[in-house]
$ cat query-v3.txt   # compact mmCIF, C-alpha atoms and all ligand atoms
# COMPACT_ATOMS: atom_id res chain seq x y z
CA MET A 1 99.30 112.93 124.50
CA SER A 2 97.21 115.10 122.24
CA LEU A 3 96.75 113.95 118.68
CA ASP A 4 94.38 116.72 117.67
CA PHE A 5 97.11 118.37 115.59
CA VAL A 6 95.58 120.56 112.89
CA THR A 7 98.77 121.08 110.88
CA ASN A 8 101.94 119.09 110.40
CA GLN A 9 103.71 122.13 111.77
CA GLU A 10 102.12 121.35 115.16
CA VAL A 11 103.27 117.75 114.81
CA ILE A 12 106.84 118.92 114.26
CA ILE A 13 106.76 121.24 117.26
CA ALA A 14 105.58 118.31 119.41
CA ALA A 15 108.33 116.12 117.95
CA ARG A 16 110.95 118.70 118.84
CA ARG A 17 109.62 118.79 122.41
CA ASN A 18 109.79 115.00 122.72
CA LEU A 19 113.25 114.42 121.28
CA THR A 20 116.64 115.03 122.85
CA GLN A 21 119.03 117.22 120.88
CA ASP A 22 120.98 114.15 119.68
CA ILE A 23 117.98 112.36 118.22
CA TRP A 24 116.49 115.57 116.83
CA ASP A 25 119.73 116.25 114.98
CA TYR A 26 119.98 112.65 113.75
CA LEU A 27 116.47 112.88 112.32
CA SER A 28 116.45 116.43 111.03
CA GLY A 29 120.01 117.09 109.86
CA GLY A 30 121.89 116.60 106.62
CA SER A 31 125.54 116.23 105.65
CA GLU A 32 128.29 118.87 105.70
CA SER A 33 126.84 122.28 104.74
CA GLU A 34 123.31 120.79 104.31
CA THR A 35 123.20 122.32 100.85
CA THR A 36 121.75 119.22 99.20
CA MET A 37 119.10 119.07 101.91
CA ARG A 38 118.11 122.70 101.36
CA ARG A 39 118.13 122.27 97.58
CA ASN A 40 115.52 119.52 97.98
CA ARG A 41 113.22 122.13 99.46
CA LEU A 42 114.32 124.76 96.94
CA GLY A 43 113.33 122.42 94.10
CA PHE A 44 109.73 122.33 95.28
CA ASP A 45 109.71 126.03 96.10
CA SER A 46 110.93 126.91 92.60
CA LEU A 47 107.78 125.52 91.00
CA ALA A 48 104.37 127.18 90.94
CA LEU A 49 101.02 125.56 90.25
CA ARG A 50 98.83 126.44 87.24
CA PRO A 51 95.22 125.87 88.32
CA ARG A 52 92.30 125.28 85.93
CA VAL A 53 88.86 126.53 86.92
CA CYS A 54 85.24 125.58 86.22
CA VAL A 55 85.96 121.87 86.62
CA ASP A 56 83.59 119.73 88.73
CA VAL A 57 85.83 118.88 91.69
CA SER A 58 83.06 117.86 94.07
CA LYS A 59 84.50 114.32 94.26
CA ILE A 60 88.23 113.81 94.61
CA ASP A 61 90.07 110.51 94.54
CA THR A 62 93.62 110.77 95.93
CA SER A 63 94.41 107.08 95.56
CA THR A 64 96.91 105.47 93.22
CA THR A 65 98.69 102.15 92.83
CA PHE A 66 102.30 101.21 93.31
CA LEU A 67 103.61 97.81 92.16
CA GLY A 68 100.00 96.71 91.88
CA GLN A 69 99.06 97.72 95.43
CA LYS A 70 96.52 100.41 96.20
CA LEU A 71 97.75 103.48 98.10
CA ARG A 72 95.26 105.85 99.72
CA ILE A 73 97.51 108.76 98.75
CA PRO A 74 100.66 108.60 96.57
CA VAL A 75 102.85 108.82 99.68
CA MET A 76 104.76 105.92 101.22
CA MET A 77 107.10 105.65 104.18
CA ALA A 78 110.80 105.93 103.22
CA PRO A 79 113.21 103.50 104.89
CA ILE A 80 114.59 104.89 108.16
CA GLY A 81 117.37 103.23 110.16
CA SER A 82 117.54 103.17 113.97
CA LEU A 83 113.82 104.00 114.29
CA GLN A 84 113.92 102.66 117.83
CA THR A 85 115.70 105.88 118.85
CA ILE A 86 112.69 107.90 117.67
CA THR A 87 109.84 105.74 118.98
CA PRO A 88 110.00 102.68 121.28
CA GLU A 89 108.19 100.37 118.83
CA GLY A 90 110.70 101.21 116.08
CA GLY A 91 109.79 99.79 112.68
CA VAL A 92 106.60 98.22 114.03
CA ALA A 93 105.14 101.69 114.67
CA VAL A 94 105.64 102.58 110.99
CA ALA A 95 104.15 99.30 109.75
CA LYS A 96 101.08 99.77 111.94
CA ALA A 97 100.57 103.35 110.77
CA ALA A 98 100.97 102.41 107.10
CA ALA A 99 98.52 99.54 107.49
CA GLU A 100 95.98 101.63 109.37
CA PHE A 101 96.16 104.54 106.94
CA GLY A 102 96.35 102.46 103.77
CA THR A 103 99.80 102.90 102.32
CA MET A 104 103.07 100.96 102.17
CA ASN A 105 106.30 101.26 104.10
CA PHE A 106 109.91 100.54 103.29
CA VAL A 107 111.64 98.65 106.11
CA SER A 108 115.29 99.60 106.59
CA SER A 109 117.75 96.76 107.08
CA VAL A 110 119.34 98.78 109.89
CA THR A 111 116.35 99.38 112.11
CA GLN A 112 114.89 97.49 115.05
CA PRO A 113 113.12 95.15 115.69
CA SER A 114 114.06 92.37 113.26
CA LEU A 115 112.77 92.24 109.70
CA GLU A 116 110.68 89.21 110.70
CA GLU A 117 109.07 90.97 113.67
CA ILE A 118 108.19 94.01 111.58
CA ALA A 119 106.81 91.80 108.78
CA ALA A 120 104.65 89.87 111.25
CA SER A 121 103.25 92.98 112.94
CA THR A 122 100.66 93.67 110.20
CA ASN A 123 99.21 91.93 107.15
CA HIS A 124 99.69 94.71 104.63
CA PRO A 125 102.39 94.48 101.90
CA LYS A 126 105.80 95.89 102.79
CA ILE A 127 109.05 96.59 100.98
CA PHE A 128 112.44 95.61 102.39
CA GLN A 129 115.36 98.03 101.95
CA LEU A 130 118.80 96.49 101.88
CA TYR A 131 122.23 97.79 102.84
CA ILE A 132 124.93 95.35 101.82
CA ARG A 133 127.10 94.07 104.65
CA GLY A 134 128.69 91.02 103.04
CA GLY A 135 129.36 89.14 99.81
CA LEU A 136 126.79 87.33 97.70
CA ASP A 137 126.54 84.50 100.26
CA TRP A 138 125.52 87.04 102.88
CA CYS A 139 123.01 88.57 100.44
CA GLU A 140 121.53 85.17 99.69
CA GLU A 141 121.06 84.49 103.38
CA ILE A 142 119.33 87.78 104.18
CA LEU A 143 117.19 87.69 101.03
CA GLU A 144 116.03 84.20 101.98
CA ARG A 145 114.81 85.69 105.29
CA VAL A 146 113.19 88.63 103.45
CA LYS A 147 111.27 86.31 101.14
CA LYS A 148 110.27 83.97 103.95
CA ALA A 149 108.97 86.91 105.97
CA GLY A 150 106.69 87.83 103.03
CA TYR A 151 108.05 91.17 101.80
CA MET A 152 106.59 92.04 98.41
CA ALA A 153 109.57 93.93 96.91
CA LEU A 154 113.25 94.66 97.46
CA CYS A 155 114.79 98.12 97.52
CA LEU A 156 118.57 98.40 97.21
CA THR A 157 120.02 101.72 98.38
CA VAL A 158 123.12 102.78 96.45
CA ASP A 159 123.84 106.35 97.54
CA THR A 160 125.69 105.27 100.68
CA ALA A 161 129.00 103.92 99.36
CA HIS A 162 130.55 105.87 102.22
CA TYR A 163 128.80 107.20 105.33
CA SER A 164 128.74 110.99 105.02
CA ARG A 165 129.98 113.61 107.44
CA ARG A 166 126.83 114.53 109.30
CA GLU A 167 128.21 117.37 111.27
CA ARG A 168 125.29 117.82 113.67
CA GLN A 169 125.84 114.23 114.82
CA MET A 170 129.61 114.65 114.88
CA MET A 171 129.47 117.76 117.04
CA ASN A 172 127.04 116.03 119.41
CA ARG A 173 129.56 113.14 119.67
CA TRP A 174 126.61 110.89 118.84
CA LEU A 175 126.21 107.92 116.52
CA PRO A 176 123.02 106.06 115.55
CA PRO A 177 122.92 102.56 117.09
CA SER A 178 123.35 100.97 113.65
CA LYS A 179 126.73 102.71 113.43
CA ARG A 180 127.90 101.83 116.92
CA VAL A 181 128.31 98.13 116.13
CA GLU A 182 131.15 96.77 114.09
CA SER A 183 129.68 96.09 110.65
CA GLN A 184 130.91 95.11 107.23
CA ARG A 185 130.06 98.54 105.82
CA ILE A 186 132.92 98.22 103.32
CA TYR A 187 130.75 95.93 101.16
CA GLN A 188 128.42 98.85 100.49
CA ALA A 189 131.40 100.70 99.00
CA MET A 190 132.09 97.80 96.64
CA VAL A 191 128.64 97.70 95.00
CA THR A 192 128.83 97.77 91.20
CA TRP A 193 126.18 97.33 88.51
CA GLU A 194 127.25 93.67 88.28
CA MET A 195 126.70 93.23 92.02
CA MET A 196 123.33 94.98 91.76
CA ALA A 197 122.31 92.64 88.93
CA ALA A 198 123.37 89.61 90.98
CA ILE A 199 121.35 90.77 93.99
CA LYS A 200 118.33 91.48 91.79
CA LYS A 201 118.58 87.95 90.41
CA ILE A 202 118.83 86.38 93.87
CA ALA A 203 115.92 88.48 95.12
CA ASN A 204 113.66 87.51 92.23
CA MET A 205 110.95 89.97 93.30
CA PRO A 206 110.01 93.51 92.20
CA PHE A 207 113.23 95.52 92.45
CA ILE A 208 113.63 99.19 93.37
CA LEU A 209 116.96 101.02 93.01
CA LYS A 210 117.16 103.85 95.55
CA GLY A 211 119.54 106.77 95.27
CA VAL A 212 119.56 107.43 91.53
CA ALA A 213 120.51 111.06 90.83
CA THR A 214 121.33 111.27 87.11
CA ALA A 215 119.77 110.34 83.76
CA GLU A 216 122.87 108.27 82.99
CA ASP A 217 122.35 105.96 85.97
CA ALA A 218 118.59 105.82 85.42
CA LYS A 219 119.26 104.55 81.89
CA ILE A 220 121.67 101.85 83.13
CA ALA A 221 119.15 100.86 85.81
CA VAL A 222 116.33 100.33 83.28
CA ASP A 223 118.73 98.49 80.97
CA HIS A 224 119.18 96.09 83.90
CA GLY A 225 115.41 95.63 84.15
CA VAL A 226 114.90 97.52 87.40
CA ASP A 227 111.16 97.88 88.12
CA VAL A 228 111.39 101.20 89.96
CA VAL A 229 113.99 103.97 89.73
CA TYR A 230 113.93 105.81 93.05
CA VAL A 231 115.24 109.38 92.74
CA SER A 232 116.78 110.26 96.08
CA ASN A 233 119.78 111.94 97.63
CA HIS A 234 118.98 110.40 101.01
CA GLY A 235 117.23 113.57 102.10
CA GLY A 236 120.50 115.48 101.74
CA ARG A 237 122.15 113.17 104.27
CA GLN A 238 124.78 111.74 101.91
CA LEU A 239 126.60 113.66 99.14
CA ASP A 240 126.52 117.36 99.93
CA GLN A 241 126.48 120.01 97.17
CA GLY A 242 124.22 117.81 95.07
CA ARG A 243 121.08 118.81 93.20
CA GLY A 244 117.63 118.83 94.72
CA THR A 245 115.63 115.76 93.74
CA MET A 246 112.95 117.82 91.96
CA ASP A 247 115.70 119.21 89.74
CA ILE A 248 116.84 115.67 88.95
CA LEU A 249 113.39 114.20 88.33
CA PRO A 250 112.73 115.47 84.76
CA GLU A 251 115.94 114.04 83.28
CA VAL A 252 115.38 110.71 85.04
CA VAL A 253 111.77 110.48 83.83
CA ALA A 254 112.98 111.20 80.28
CA ALA A 255 115.77 108.58 80.51
CA VAL A 256 113.46 105.93 81.97
CA ASN A 257 111.02 106.63 79.13
CA GLY A 258 108.15 104.66 80.65
CA LYS A 259 110.17 101.46 81.10
CA ALA A 260 109.98 101.64 84.92
CA ASP A 261 108.12 103.59 87.56
CA VAL A 262 109.88 106.55 89.13
CA LEU A 263 109.71 107.28 92.86
CA LEU A 264 111.01 110.45 94.51
CA ASP A 265 111.82 111.66 97.98
CA GLY A 266 113.54 114.65 99.54
CA SER A 267 111.69 117.27 101.54
CA VAL A 268 108.18 116.14 100.68
CA LEU A 269 106.25 117.98 103.38
CA ARG A 270 103.06 119.28 101.78
CA GLY A 271 100.16 118.15 99.61
CA THR A 272 101.40 120.58 96.96
CA ASP A 273 104.82 118.86 97.01
CA VAL A 274 103.11 115.57 96.18
CA ILE A 275 101.26 117.23 93.29
CA LYS A 276 104.45 118.80 91.91
CA ALA A 277 106.34 115.49 91.98
CA ILE A 278 103.48 113.66 90.24
CA ALA A 279 103.22 116.47 87.69
CA LEU A 280 106.85 116.00 86.71
CA GLY A 281 106.49 112.25 86.31
CA ALA A 282 106.87 110.53 89.70
CA LYS A 283 104.49 107.63 90.29
CA ALA A 284 104.55 108.32 94.02
CA VAL A 285 106.73 109.90 96.71
CA THR A 286 107.99 108.87 100.11
CA ILE A 287 108.54 110.79 103.33
CA GLY A 288 111.54 110.47 105.63
CA LYS A 289 111.89 113.32 108.11
CA LEU A 290 108.15 114.02 108.22
CA GLN A 291 107.57 110.35 109.02
CA GLY A 292 110.07 110.54 111.86
CA TRP A 293 108.53 113.73 113.22
CA GLY A 294 105.09 112.07 113.25
CA LEU A 295 106.50 109.10 115.15
CA ALA A 296 108.30 111.34 117.62
CA ALA A 297 105.13 113.36 118.20
CA GLY A 298 102.85 110.41 118.91
CA GLY A 299 104.22 107.01 117.83
CA SER A 300 102.14 105.12 115.30
CA ALA A 301 99.09 107.35 115.91
CA GLY A 302 101.24 110.45 115.36
CA LEU A 303 102.31 109.13 111.97
CA VAL A 304 98.71 108.33 111.02
CA ARG A 305 97.83 111.94 111.88
CA VAL A 306 100.66 113.21 109.65
CA LEU A 307 99.24 111.18 106.78
CA GLU A 308 95.69 112.36 107.42
CA LEU A 309 96.86 115.96 107.33
CA LEU A 310 98.80 115.38 104.11
CA GLU A 311 95.66 113.80 102.65
CA GLU A 312 93.55 116.77 103.72
CA GLU A 313 96.00 119.12 102.02
CA LEU A 314 96.08 116.95 98.91
CA ILE A 315 92.27 116.85 98.56
CA ILE A 316 91.98 120.62 98.89
CA ASP A 317 94.97 121.30 96.63
CA MET A 318 93.70 118.94 93.92
CA GLY A 319 90.26 120.54 94.06
CA LEU A 320 91.74 124.02 93.76
CA LEU A 321 93.98 122.88 90.92
CA GLY A 322 90.99 121.55 88.99
CA VAL A 323 91.78 117.83 89.04
CA THR A 324 89.83 114.96 90.56
CA ARG A 325 92.23 112.04 90.09
CA ILE A 326 95.98 111.58 90.48
CA ASP A 327 96.35 110.44 86.87
CA GLN A 328 95.05 113.81 85.65
CA ILE A 329 98.05 115.63 87.14
CA ASP A 330 100.71 116.33 84.53
CA ALA A 331 103.36 118.90 83.60
CA LYS A 332 100.75 121.43 82.42
CA TYR A 333 99.86 122.07 86.05
CA VAL A 334 103.32 123.38 87.04
CA CYS A 335 105.75 126.03 85.86
CA GLN A 336 109.01 127.52 87.10
CA ALA A 337 108.72 130.39 89.60
CA PRO A 338 111.17 132.16 91.89
CA PRO A 339 111.13 130.86 95.48
CA VAL A 340 109.78 133.23 98.12
CA THR A 341 111.62 131.89 101.17
CA PHE A 342 115.18 130.88 101.93
CA PRO A 343 115.06 127.05 101.97
CA HIS A 344 115.83 124.96 105.03
CA GLU A 345 114.36 121.84 106.57
CA MET A 346 111.51 123.80 108.17
CA SER A 347 110.83 126.43 105.50
CA ALA A 348 107.61 124.73 104.35
CA PHE A 349 106.15 125.77 107.71
CA ILE A 350 106.31 129.51 107.91
CA HIS A 351 104.61 129.97 111.28
CA MET A 352 107.15 127.86 113.13
CA PRO A 353 108.23 129.61 116.30
CA GLY A 354 112.01 129.73 116.47
CA GLY A 355 112.46 129.26 112.71
CA GLN A 356 114.53 126.14 112.25
CA LEU A 357 113.75 124.63 115.67
CA ARG A 358 117.36 123.91 116.43
C1 LIG B 1 116.72 109.38 110.37
C2 LIG B 1 116.84 108.86 108.97
C3 LIG B 1 117.36 107.59 108.73
C4 LIG B 1 117.44 107.08 107.44
N1 LIG B 1 117.85 105.79 107.23
C5 LIG B 1 117.82 105.26 105.98
C6 LIG B 1 118.07 103.88 105.77
O1 LIG B 1 118.30 103.10 106.70
N2 LIG B 1 118.05 103.43 104.50
C7 LIG B 1 117.78 104.24 103.41
O2 LIG B 1 117.77 103.78 102.27
N3 LIG B 1 117.51 105.55 103.60
C8 LIG B 1 117.50 106.07 104.85
N4 LIG B 1 117.17 107.40 105.05
C9 LIG B 1 116.81 108.24 103.88
C10 LIG B 1 115.31 108.16 103.61
O3 LIG B 1 114.94 106.89 103.18
C11 LIG B 1 114.88 109.17 102.54
O4 LIG B 1 115.64 108.98 101.38
C12 LIG B 1 114.99 110.63 102.99
O5 LIG B 1 114.72 110.76 104.37
C13 LIG B 1 114.02 111.50 102.20
O6 LIG B 1 114.15 112.85 102.50
P1 LIG B 1 113.27 113.64 103.60
O7 LIG B 1 113.78 113.18 104.93
O8 LIG B 1 113.57 115.05 103.33
O9 LIG B 1 111.83 113.25 103.39
C14 LIG B 1 117.06 107.90 106.33
C15 LIG B 1 116.54 109.17 106.57
C16 LIG B 1 116.40 109.65 107.87
C17 LIG B 1 115.80 111.01 108.08

$ encode --input "query-v3.txt" --output "structure tokens" --more "lines below"
Ligand SMILES: Cc1cc2nc3c(=O)[nH]c(=O)nc-3n(C[C@H](O)[C@H](O)[C@H](O)COP(=O)(O)O)c2cc1C
Amino acid sequence: MSLDFVTNQEVIIAARRNLTQDIWDYLSGGSESETTMRRNRLGFDSLALRPRVCVDVSKIDTSTTFLGQKLRIPVMMAPIGSLQTITPEGGVAVAKAAAEFGTMNFVSSVTQPSLEEIAASTNHPKIFQLYIRGGLDWCEEILERVKKAGYMALCLTVDTAHYSRRERQMMNRWLPPSKRVESQRIYQAMVTWEMMAAIKKIANMPFILKGVATAEDAKIAVDHGVDVVYVSNHGGRQLDQGRGTMDILPEVVAAVNGKADVLLDGSVLRGTDVIKAIALGAKAVTIGKLQGWGLAAGGSAGLVRVLELLEEELIIDMGLLGVTRIDQIDAKYVCQAPPVTFPHEMSAFIHMPGGQLR
């Protein structure tokens, strides 16, 4: 296994080689027409950078903090279910990579191995992501385990009231393992703001609401005392025909009005994407597909390489933009610009042989 990848494009090509069609499509696809997924990319591609020159950029610090924890770059690992289909170590591979690199990971409640095994695999702080599969008694039970295992925050995902039509998976006649077992998925469809508030109270730890896609919901979330509003459309895997997350971000940042941190995901693939999201008010971003591609290319070490390459891009991009610290990046450094490529899940990598690597 060669981990001397010089671009994340090479990582993705290796991932494609290592994955069967079923798993590739599970990881890389979206729902229905994949319009939301492509709009995530379009959002980034519709912004240009406005560099300042004659600034001393000989020393660059890419680090930031999130919920009081230091991150080497403002990029964390999004929750991914059924990780064991992508890499044999499953969630442990992500935890090890995050710990080694110096960032945090969200642990999906529908991945393997158990939340306790993943928690015990490293000492660094981790965030647990919950899907609701029962009433408040069930929530109490699982949150007891989450607290006992030492997770530092809870993330509740609320953009999955129904499981979407992911047509690549459907046409492959393939389901992720988490969907093959009989589960009480109906409870996820019954989540209301009251239920969210009850879960937040039981959890009694920093609380992140994932899947917010409007200013209206961001406002309700902060009125409920949520610590982090996480702008996400599940990477375009849930509601199709939605907006790209970068198009949603400004109204959410305005609605939150500094009362919570704002996280964003959705097609973050480049150092410049990180800069654009920070410029429009995100505290940090997370990666989903890119994380999975790193794991598929080389397990935990493959994911570390992905992060190193993102960091390399970020250092160079910050230097060329004329900033030396993350907190210097603001809206003055971006402006609207017409996109130059047709967006799809691979369009950030223009030298990809075979285009979309289907
Ligand atoms: C294979 C896969 C599985 C996912 N599973 C979960 C999950 O269990 N829980 C969750 O909240 N989000 C899940 N997501 C969504 C991600 O957390 C994240 O929102 C999304 O991947 C970000 O977009 P990106 O893939 O373009 O980076 C999953 C995403 C992928 C690609």

$ residues_near_ligand --input "query-v3.txt" --ligand "ligand LIG 1 (chain B)" --cutoff "6 Å" --atoms "only C-alpha atoms and all ligand atoms" --output "list in words"
Tyr26, Leu27, Ala78, Pro79, Ile80, Gly81, Ser108, Val110, Thr157, Ser232, His234, Gly235, Asp265, Gly266, Ser267, Val268, Ile287, Gly288 and Lys289 of chain A

$ closest_residue --input "query-v3.txt" --among "A:Asn40, A:Gly322, A:Trp293, A:His224" --to "Cys54 in chain A" --atoms "all atoms listed in the file"
A:Gly322

$ residues_around --input "query-v3.txt" --residues "Met76 in chain A" --least-positions-apart "5" --cutoff "8 Å" --atoms "only C-alpha atoms" --output "list in words"
Ala98, Thr103, Met104, Asn105, Phe106, Ala284, Val285, Thr286 and Ile287 of chain A

$ closest_residue --input "query-v3.txt" --among "A:Gly90, A:Gly150, A:Pro74, A:Gly102" --to "Ala119 in chain A" --atoms "all atoms listed in the file"
A:Gly150

$ axis_aligned_box --input "query-v3.txt" --around "range 74-84 of chain A" --padding-each-side "6 Å" --output "JSON"
{"center_x": 109.1, "center_y": 105.7, "center_z": 107.2, "size_x": 28.9, "size_y": 18.2, "size_z": 33.3}

$ closest_residue --input "query-v3.txt" --among "A:Ile208, A:Ala120, A:Val323, A:Met77" --to "Leu154 in chain A" --atoms "all atoms listed in the file"
A:Ile208

$ atom_distance --input "query-v3.txt" --atom1 "CA of Tyr333 in chain A" --atom2 "CA of Arg52 in chain A"
8.2 Å

$ residues_around --input "query-v3.txt" --residues "range 62-73 of chain A" --least-positions-apart "5" --cutoff "8 Å" --atoms "all atoms listed in the file" --output "list in words"
Phe101, Gly102, Thr103, Met104, Pro125, Pro206, Lys283, Ala284, Glu311, Leu314, Ile315, Thr324, Arg325 and Ile326 of chain A

$ closest_residue --input "query-v3.txt" --among "A:Pro339, A:Gly91, A:Pro353, A:Gly236" --to "Arg165 in chain A" --atoms "all atoms listed in the file"
A:Gly236

$ residues_around --input "query-v3.txt" --residues "Leu156 in chain A" --least-positions-apart "5" --cutoff "7 Å" --atoms "only C-alpha atoms" --output "list of chain:residue names"
A:Gln129, A:Leu130, A:Tyr131, A:Ile208, A:Leu209, A:Lys210

$ residues_near_point --input "query-v3.txt" --point "(103.6, 115.0, 86.5)" --cutoff "9 Å" --atoms "only C-alpha atoms" --output "PyMOL selection string"
chain A and resi 275-283+327-334
